[in-house]
Amino acid sequence: MCLKGTAEKHYKRWRSEHNLFPDAIGHHIQGVTVHDGDWDSHGTIKIWNYTRDGMEEMFKEMIEMDDEKMAVTINGLEGHVMEELKVYVVTFHFIPTSEEGCICKVTMVWGKRNEDSPEPINYMKFVEMMVADMDDYILQDQE
């Protein structure tokens with residue numbers, strides 16, 4: 001996904017500024033709290049309250065960070081998505097393309113609970129919308 005904000009700004013926001021998400025994209029994310037750790041540490045566990053397809057949901061995750069590659073990986077632990085999937089891992093890799101733009105390569109790995117479980121297409125779309133909407137917010141923040 002091509003973004004207009006800098007890779008550094010996006011990476012910083014997705015790495016350690018989750019507390020700003022409700023103000024930035026509150027139509028998606030209503031709250032993010034630290035369950036174990038702190039905002040800026042590898043291995044921190046956070047709880048997200050969000051709205052997807054008009055439904056309020058919760059997601060508990062553990063974050064991994066790679067400062068050298070500007071990549072953030074979110075590992076699903078509990079919550080609504082984990083009722084449908086046994087594995088849910090999303091990596092956001094921010095790759096500079098210019099002084100004022102970047103690409104966000106989103107990699108999603110999942111494992112269904114059983115054969116009848118649906119593909120997580122709605123969660124893929126939700127993640128894509130969050131990245132795009134955060135780009136709009138970061139652009140306003142850069143001006």
# chains A, B, ... in the order shown; residues from 1 in each chain; ligands from 1
$ select_by_dssp --residues "range 20-110 of chain A" --states "helix (DSSP H, G or I)" --output "number ranges by chain"
A: 20-25, 80-84
$ residues_around --residues "His18 in chain A" --least-positions-apart "6" --cutoff "9 Å" --atoms "only C-alpha atoms" --output "ChimeraX atom specification"
/A:31-33,39
$ atom_distance --atom1 "CA of Arg15 in chain A" --atom2 "CA of Val127 in chain A"
15.2 Å
$ closest_residue --among "A:Met70, A:Val87, A:Cys2, A:Val81" --to "Glu56 in chain A" --atoms "only C-alpha atoms"
A:Val81
$ residues_around --residues "Met62 in chain A" --least-positions-apart "2" --cutoff "10 Å" --atoms "only C-alpha atoms" --output "JSON, numbers by chain"
{"A": [35, 36, 37, 42, 43, 44, 45, 46, 47, 60, 64, 73, 74, 75, 76, 77, 89]}
$ residues_around --residues "Ile138 in chain A" --least-positions-apart "2" --cutoff "9 Å" --atoms "only C-alpha atoms" --output "PyMOL selection string"
chain A and resi 4-6+9-10+13+24+133-136+140-143
$ closest_atom_pairs --of "range 32-88 of chain A" --to "range 93-110 of chain A" --cutoff "8 Å" --atoms "only C-alpha atoms" --output "JSON lines"
{"residue": "A:Lys69", "atom": "CA", "partner": "A:His93", "partner_atom": "CA", "distance": 7.2}
{"residue": "A:Met70", "atom": "CA", "partner": "A:Phe94", "partner_atom": "CA", "distance": 5.6}
{"residue": "A:Ala71", "atom": "CA", "partner": "A:His93", "partner_atom": "CA", "distance": 4.2}
{"residue": "A:Val72", "atom": "CA", "partner": "A:His93", "partner_atom": "CA", "distance": 6.5}
{"residue": "A:Leu85", "atom": "CA", "partner": "A:Trp110", "partner_atom": "CA", "distance": 6.7}
{"residue": "A:Lys86", "atom": "CA", "partner": "A:Trp110", "partner_atom": "CA", "distance": 7.3}
{"residue": "A:Val87", "atom": "CA", "partner": "A:Trp110", "partner_atom": "CA", "distance": 4.8}
{"residue": "A:Tyr88", "atom": "CA", "partner": "A:Trp110", "partner_atom": "CA", "distance": 4.5}
$ write_last_selection --atoms "C-alpha atoms" --output "short mmCIF file (atom, residue, chain, number, x, y, z; two decimals), in the first residue's frame"
data_model
loop_
_atom_site.label_atom_id
_atom_site.label_comp_id
_atom_site.auth_asym_id
_atom_site.auth_seq_id
_atom_site.Cartn_x
_atom_site.Cartn_y
_atom_site.Cartn_z
CA LYS A 69 13.73 -2.90 9.08
CA MET A 70 11.03 -0.52 10.42
CA ALA A 71 8.69 -3.48 10.90
CA VAL A 72 6.07 -4.10 13.59
CA LEU A 85 -8.55 -18.32 14.08
CA LYS A 86 -5.96 -20.27 16.03
CA VAL A 87 -3.09 -18.18 14.58
CA TYR A 88 -3.25 -14.49 13.66
#
$ select_by_dssp --residues "chain A" --states "strand (DSSP E or B)" --output "PyMOL selection string"
chain A and resi 2-3+29-36+45-52+55-66+71-79+85-98+101-112
